[in-house]
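Visitor: One structure coming up, written as structure tokens, with questions to follow.
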Amino acid sequence: MSVFFVTGTDTEVGKTYVSSLLLQAAASVGKRTVGYKPVSAGCEFINGEWSNEDARALQNASSIEVSLQDVNPIALKPPIAPHIAAKQAGLEITQQNIIAGFEHLVAKQPDFMLVEGAGGWRLPLSSSLWMPEVVKALKLDVIVVVGMRLGCLNHAMLTIDAIQRDGLKVKGWVANQLSAQMPVYQDNLNTLKGAISAPLIAEIPFSQSVEALQRIIHRMEVLA
Ligand SMILES: Nc1ncnc2c1ncn2[C@@H]1O[C@H](COP(=O)(O)OP(=O)(O)O)[C@@H](O)[C@H]1O
Ligand SMILES: [Mg+2]
């Protein structure tokens with residue numbers, strides 16, 4: 001089984017979008033896939049239940065049939081920092097909760113599993129727990145989604161540096177185009193390619209999901 005943690009240079013940079021494509025790409029070569037979003041903040045009332053958009057996207061992109069509760073056991077309603085939303089709800093997010101949800105999905109025997117973080121890399125979960133500690137406990141290599149926009153060079157390098165300082169390995173990174181035309185896109189991409197030693201898994205174009213899926217399918221060997 002291959003399992004990776006997916007982080008990004010910020011919130012709203014395409015972690016869910018890219019994770020869904022990676023899950024679909026792995027399924028297209030016959031793998032049993034599942035996405036896990038241990039902690040989300042921001043829910044809508046849909047089909048008689050409160051659920052988070054990322055959880056719904058990962059559930060749809062998983063080839064294994066899983067409930068929203070399986071994909072996203074800790075779904076906090078307000079779209080704010082999770083540790084604050086948890087405190088408001090009188091809950092404490094613990095490493096044990098997140099690992100229990102992880103093991104519940106592993107028991108379904110996926111071949112390829114992605115765990116999507118929330119926000120960027122250094123995410124507090126409570127007054128005494130940060131997401132990187134959980135990733136370390138689970139011994140997961142990390143995929144970094146770089147949202148290609150002005151400022152991404154600094155965010156990408158700081159994120160990769162922090163992951164390595166936390167004692168974890170960057171398995172690869174994805175250049176995700178957040179707009180149809182980023183000025184000097186190619187120069188920015190080349191700068192990142194020169195500065196990041198981990199492999200570039202894929203370049204994902206803006207809003208062309210079929211082409212994006214093809215690009216990722218051809219690169220799945222990077223994650224073998
Ligand atoms: N390559 C892309 N092409 C088109 N839309 C994208 C792309 N990447 C992200 N988006 C859109 O941008 C928004 C933020 O992406 P999302 O995956 O939810 O980010 P994150 O999970 O990092 O918060 C979503 O509406 C998503 O559909
Ligand atoms: Mg997301």
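Residues in the structure tokens are named by chain (A, B, ... in the order shown) and by number from 1 within that chain; ligands are numbered from 1 in the order shown.
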From a DSSP calculation on the backbone, collect every residue of region 12-140 of chain A in helix (DSSP H, G or I) and output the set as a compact mmCIF listing (two decimals) with N, CA and C atoms, in the first residue's frame.
Guide:
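Saved the output as out.txt:
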# COMPACT_ATOMS: atom_id res chain seq x y z
N LYS A 15 -5.05 21.50 -2.93
CA LYS A 15 -4.76 20.20 -2.30
C LYS A 15 -5.84 19.19 -2.64
N THR A 16 -7.10 19.61 -2.50
CA THR A 16 -8.21 18.68 -2.75
C THR A 16 -8.31 18.37 -4.25
N TYR A 17 -8.16 19.40 -5.06
CA TYR A 17 -8.26 19.24 -6.52
C TYR A 17 -7.20 18.24 -7.00
N VAL A 18 -5.97 18.43 -6.55
CA VAL A 18 -4.87 17.55 -6.98
C VAL A 18 -5.03 16.16 -6.36
N SER A 19 -5.44 16.09 -5.10
CA SER A 19 -5.64 14.78 -4.46
C SER A 19 -6.68 13.97 -5.22
N SER A 20 -7.76 14.63 -5.63
CA SER A 20 -8.81 13.92 -6.38
C SER A 20 -8.25 13.38 -7.69
N LEU A 21 -7.44 14.19 -8.37
CA LEU A 21 -6.84 13.73 -9.63
C LEU A 21 -5.89 12.55 -9.39
N LEU A 22 -5.10 12.64 -8.34
CA LEU A 22 -4.16 11.54 -8.04
C LEU A 22 -4.92 10.25 -7.72
N LEU A 23 -6.02 10.38 -6.97
CA LEU A 23 -6.82 9.19 -6.64
C LEU A 23 -7.42 8.59 -7.91
N GLN A 24 -7.93 9.47 -8.79
CA GLN A 24 -8.52 8.97 -10.04
C GLN A 24 -7.45 8.34 -10.93
N ALA A 25 -6.27 8.94 -10.95
CA ALA A 25 -5.19 8.39 -11.77
C ALA A 25 -4.79 7.00 -11.27
N ALA A 26 -4.70 6.85 -9.95
CA ALA A 26 -4.33 5.54 -9.40
C ALA A 26 -5.44 4.52 -9.68
N ALA A 27 -6.69 4.95 -9.59
CA ALA A 27 -7.81 4.04 -9.87
C ALA A 27 -7.79 3.62 -11.34
N SER A 28 -7.37 4.52 -12.21
CA SER A 28 -7.38 4.20 -13.64
C SER A 28 -6.36 3.12 -13.99
N GLU A 53 -16.96 20.14 1.97
CA GLU A 53 -16.76 20.03 0.52
C GLU A 53 -15.57 19.12 0.16
N ASP A 54 -14.47 19.26 0.89
CA ASP A 54 -13.30 18.42 0.60
C ASP A 54 -13.63 16.95 0.83
N ALA A 55 -14.37 16.69 1.91
CA ALA A 55 -14.75 15.31 2.22
C ALA A 55 -15.59 14.73 1.09
N ARG A 56 -16.54 15.54 0.59
CA ARG A 56 -17.39 15.05 -0.50
C ARG A 56 -16.55 14.78 -1.75
N ALA A 57 -15.59 15.68 -2.05
CA ALA A 57 -14.75 15.50 -3.23
C ALA A 57 -13.89 14.23 -3.09
N LEU A 58 -13.32 14.02 -1.92
CA LEU A 58 -12.44 12.85 -1.74
C LEU A 58 -13.27 11.56 -1.72
N GLN A 59 -14.47 11.63 -1.17
CA GLN A 59 -15.35 10.45 -1.19
C GLN A 59 -15.67 10.08 -2.65
N ASN A 60 -16.00 11.10 -3.46
CA ASN A 60 -16.31 10.85 -4.89
C ASN A 60 -15.12 10.31 -5.65
N ALA A 61 -13.93 10.77 -5.28
CA ALA A 61 -12.72 10.37 -6.02
C ALA A 61 -12.16 9.03 -5.55
N LEU A 68 -19.06 9.52 4.33
CA LEU A 68 -18.45 10.82 4.62
C LEU A 68 -17.79 10.80 5.99
N GLN A 69 -18.41 10.08 6.91
CA GLN A 69 -17.85 9.95 8.26
C GLN A 69 -16.51 9.21 8.22
N ASP A 70 -16.41 8.20 7.35
CA ASP A 70 -15.13 7.47 7.20
C ASP A 70 -14.05 8.41 6.65
N VAL A 71 -14.43 9.17 5.61
CA VAL A 71 -13.45 10.05 4.95
C VAL A 71 -13.05 11.20 5.87
N PRO A 82 -9.17 25.12 12.54
CA PRO A 82 -9.79 23.95 13.19
C PRO A 82 -9.65 23.91 14.71
N HIS A 83 -8.49 24.29 15.24
CA HIS A 83 -8.36 24.18 16.71
C HIS A 83 -9.29 25.16 17.42
N ILE A 84 -9.58 26.29 16.75
CA ILE A 84 -10.50 27.27 17.36
C ILE A 84 -11.95 26.77 17.21
N ALA A 85 -12.26 26.21 16.03
CA ALA A 85 -13.60 25.65 15.83
C ALA A 85 -13.85 24.51 16.81
N ALA A 86 -12.83 23.70 17.05
CA ALA A 86 -12.98 22.58 17.99
C ALA A 86 -13.22 23.10 19.40
N LYS A 87 -12.47 24.11 19.76
CA LYS A 87 -12.62 24.69 21.11
C LYS A 87 -14.04 25.24 21.28
N GLN A 88 -14.51 25.94 20.24
CA GLN A 88 -15.87 26.50 20.31
C GLN A 88 -16.91 25.39 20.47
N GLN A 95 -4.42 13.09 18.62
CA GLN A 95 -3.70 12.22 17.69
C GLN A 95 -4.38 10.85 17.60
N GLN A 96 -4.88 10.37 18.74
CA GLN A 96 -5.54 9.07 18.77
C GLN A 96 -6.77 9.06 17.86
N ASN A 97 -7.56 10.13 17.87
CA ASN A 97 -8.75 10.20 17.00
C ASN A 97 -8.34 10.07 15.54
N ILE A 98 -7.31 10.84 15.17
CA ILE A 98 -6.91 10.88 13.75
C ILE A 98 -6.33 9.53 13.33
N ILE A 99 -5.57 8.92 14.22
CA ILE A 99 -4.97 7.62 13.88
C ILE A 99 -6.06 6.54 13.82
N ALA A 100 -7.04 6.62 14.69
CA ALA A 100 -8.14 5.63 14.65
C ALA A 100 -8.88 5.71 13.31
N GLY A 101 -9.15 6.92 12.84
CA GLY A 101 -9.83 7.09 11.55
C GLY A 101 -8.97 6.59 10.40
N PHE A 102 -7.67 6.80 10.52
CA PHE A 102 -6.72 6.33 9.50
C PHE A 102 -6.74 4.80 9.45
N GLU A 103 -6.67 4.18 10.62
CA GLU A 103 -6.64 2.71 10.65
C GLU A 103 -7.96 2.10 10.17
N HIS A 104 -9.03 2.80 10.41
CA HIS A 104 -10.33 2.33 9.93
C HIS A 104 -10.32 2.24 8.40
N LEU A 105 -9.70 3.22 7.74
CA LEU A 105 -9.63 3.18 6.27
C LEU A 105 -8.60 2.17 5.78
N VAL A 106 -7.49 2.05 6.49
CA VAL A 106 -6.46 1.07 6.10
C VAL A 106 -7.05 -0.35 6.15
N MET A 131 -0.43 19.34 13.41
CA MET A 131 -0.59 18.30 12.38
C MET A 131 0.72 17.58 12.04
N PRO A 132 1.87 18.28 11.92
CA PRO A 132 3.09 17.54 11.57
C PRO A 132 3.42 16.40 12.54
N GLU A 133 3.05 16.56 13.83
CA GLU A 133 3.32 15.46 14.78
C GLU A 133 2.52 14.22 14.41
N VAL A 134 1.31 14.43 13.91
CA VAL A 134 0.46 13.30 13.52
C VAL A 134 1.04 12.63 12.27
N VAL A 135 1.50 13.46 11.33
CA VAL A 135 2.08 12.92 10.09
C VAL A 135 3.32 12.09 10.45
N LYS A 136 4.07 12.58 11.43
CA LYS A 136 5.26 11.88 11.87
C LYS A 136 4.89 10.55 12.55
N ALA A 137 3.86 10.58 13.36
CA ALA A 137 3.43 9.35 14.04
C ALA A 137 2.97 8.32 13.01
Visitor: Select from chain A every residue with an atom at most 10 Å from any atom of ligand 1, then for each give the shortest pair of atoms and their distance in Å to one decimal, using only C-alpha atoms and all ligand atoms, rows by chain and rising number, as a Markdown table.
Guide:
| residue | atom | partner | partner_atom_place_in_ligand_line | distance |
| --- | --- | --- | --- | --- |
| A:Val6 | CA | ligand 1 | 21 (O) | 9.2 |
| A:Thr7 | CA | ligand 1 | 22 (O) | 7.7 |
| A:Gly8 | CA | ligand 1 | 22 (O) | 6.0 |
| A:Thr9 | CA | ligand 1 | 22 (O) | 8.0 |
| A:Asp10 | CA | ligand 1 | 22 (O) | 6.5 |
| A:Thr11 | CA | ligand 1 | 23 (O) | 4.3 |
| A:Glu12 | CA | ligand 1 | 23 (O) | 3.2 |
| A:Val13 | CA | ligand 1 | 22 (O) | 3.9 |
| A:Gly14 | CA | ligand 1 | 17 (O) | 3.1 |
| A:Lys15 | CA | ligand 1 | 21 (O) | 3.7 |
| A:Thr16 | CA | ligand 1 | 17 (O) | 3.6 |
| A:Tyr17 | CA | ligand 1 | 17 (O) | 3.7 |
| A:Val18 | CA | ligand 1 | 17 (O) | 6.4 |
| A:Ser19 | CA | ligand 1 | 17 (O) | 7.8 |
| A:Ser20 | CA | ligand 1 | 17 (O) | 8.4 |
| A:Leu21 | CA | ligand 1 | 1 (N) | 9.9 |
| A:Glu53 | CA | ligand 1 | 18 (O) | 8.0 |
| A:Asp54 | CA | ligand 1 | 18 (O) | 6.7 |
| A:Ala57 | CA | ligand 1 | 18 (O) | 9.0 |
| A:Glu116 | CA | ligand 1 | 21 (O) | 7.8 |
| A:Gly117 | CA | ligand 1 | 21 (O) | 8.3 |
| A:Ala118 | CA | ligand 1 | 23 (O) | 7.2 |
| A:Gly119 | CA | ligand 1 | 23 (O) | 6.5 |
| A:Gly120 | CA | ligand 1 | 22 (O) | 8.0 |
| A:Val145 | CA | ligand 1 | 22 (O) | 7.7 |
| A:Val146 | CA | ligand 1 | 22 (O) | 9.0 |
| A:Gly147 | CA | ligand 1 | 8 (N) | 7.7 |
| A:Met148 | CA | ligand 1 | 1 (N) | 9.4 |
| A:Ala175 | CA | ligand 1 | 1 (N) | 8.9 |
| A:Asn176 | CA | ligand 1 | 1 (N) | 5.3 |
| A:Gln177 | CA | ligand 1 | 1 (N) | 5.0 |
| A:Leu178 | CA | ligand 1 | 7 (C) | 5.4 |
| A:Ser179 | CA | ligand 1 | 3 (N) | 7.1 |
| A:Ala180 | CA | ligand 1 | 3 (N) | 8.2 |
| A:Glu203 | CA | ligand 1 | 1 (N) | 8.9 |
| A:Ile204 | CA | ligand 1 | 1 (N) | 5.4 |
| A:Pro205 | CA | ligand 1 | 1 (N) | 5.1 |
| A:Phe206 | CA | ligand 1 | 3 (N) | 3.5 |
| A:Ser207 | CA | ligand 1 | 3 (N) | 3.5 |
| A:Gln208 | CA | ligand 1 | 3 (N) | 6.5 |
| A:Ser209 | CA | ligand 1 | 3 (N) | 7.2 |
| A:Ala212 | CA | ligand 1 | 1 (N) | 7.6 |
Visitor: Just list the residues in chain A DSSP gives strand (DSSP E) on the backbone, as a ChimeraX atom specification.
Guide: /A:2-8,33-36,39-41,44-46,49-51,74-76,112-116,141-148,170-177,200-204
Visitor: Which one is closest to Met182 (chain A): A:Val29, A:Cys152, A:Ile93, A:Ile64? Count only C-alpha atoms.
Guide: A:Cys152
Visitor: Go through A:Trp130, A:Pro124, A:Ala195, A:Trp173 and flag the residue nearest Asn154 (chain A), using only C-alpha atoms for the distances.
Guide: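 Of A:Trp130, A:Pro124, A:Ala195, A:Trp173, the one nearest Asn154 (chain A) is A:Ala195, counting only C-alpha atoms.
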Visitor: Quick one: of A:Gly167, A:Pro38, A:Pro199, A:Gly151, who's nearest to ligand 2, counting only C-alpha atoms and all ligand atoms?
Guide: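 Of all the options, A:Pro38 lies closest to ligand 2.
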Visitor: Of the candidates A:Asn190, A:Lys37, A:Ala89, A:Ile80, which shows the shortest atom-to-atom distance to Ser67 (chain A), using only C-alpha atoms?
Guide: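 Selected residue with least distance to Ser67 (chain A): A:Lys37.
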Visitor: Restricting the calculation to only C-alpha atoms, which member of A:Val34, A:Ile143, A:Ile201, A:Val66 is positioned closest to Ile163 (chain A)?
Guide: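 Ranking A:Val34, A:Ile143, A:Ile201, A:Val66 by distance to Ile163 (chain A), first place goes to A:Ile143.
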Visitor: Using only C-alpha atoms, which of the listed residues (A:Arg215, A:Trp50, A:Leu91, A:Tyr36) sits closest to Met113 (chain A)?
Guide: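 Closest residue, counting only C-alpha atoms: A:Tyr36.
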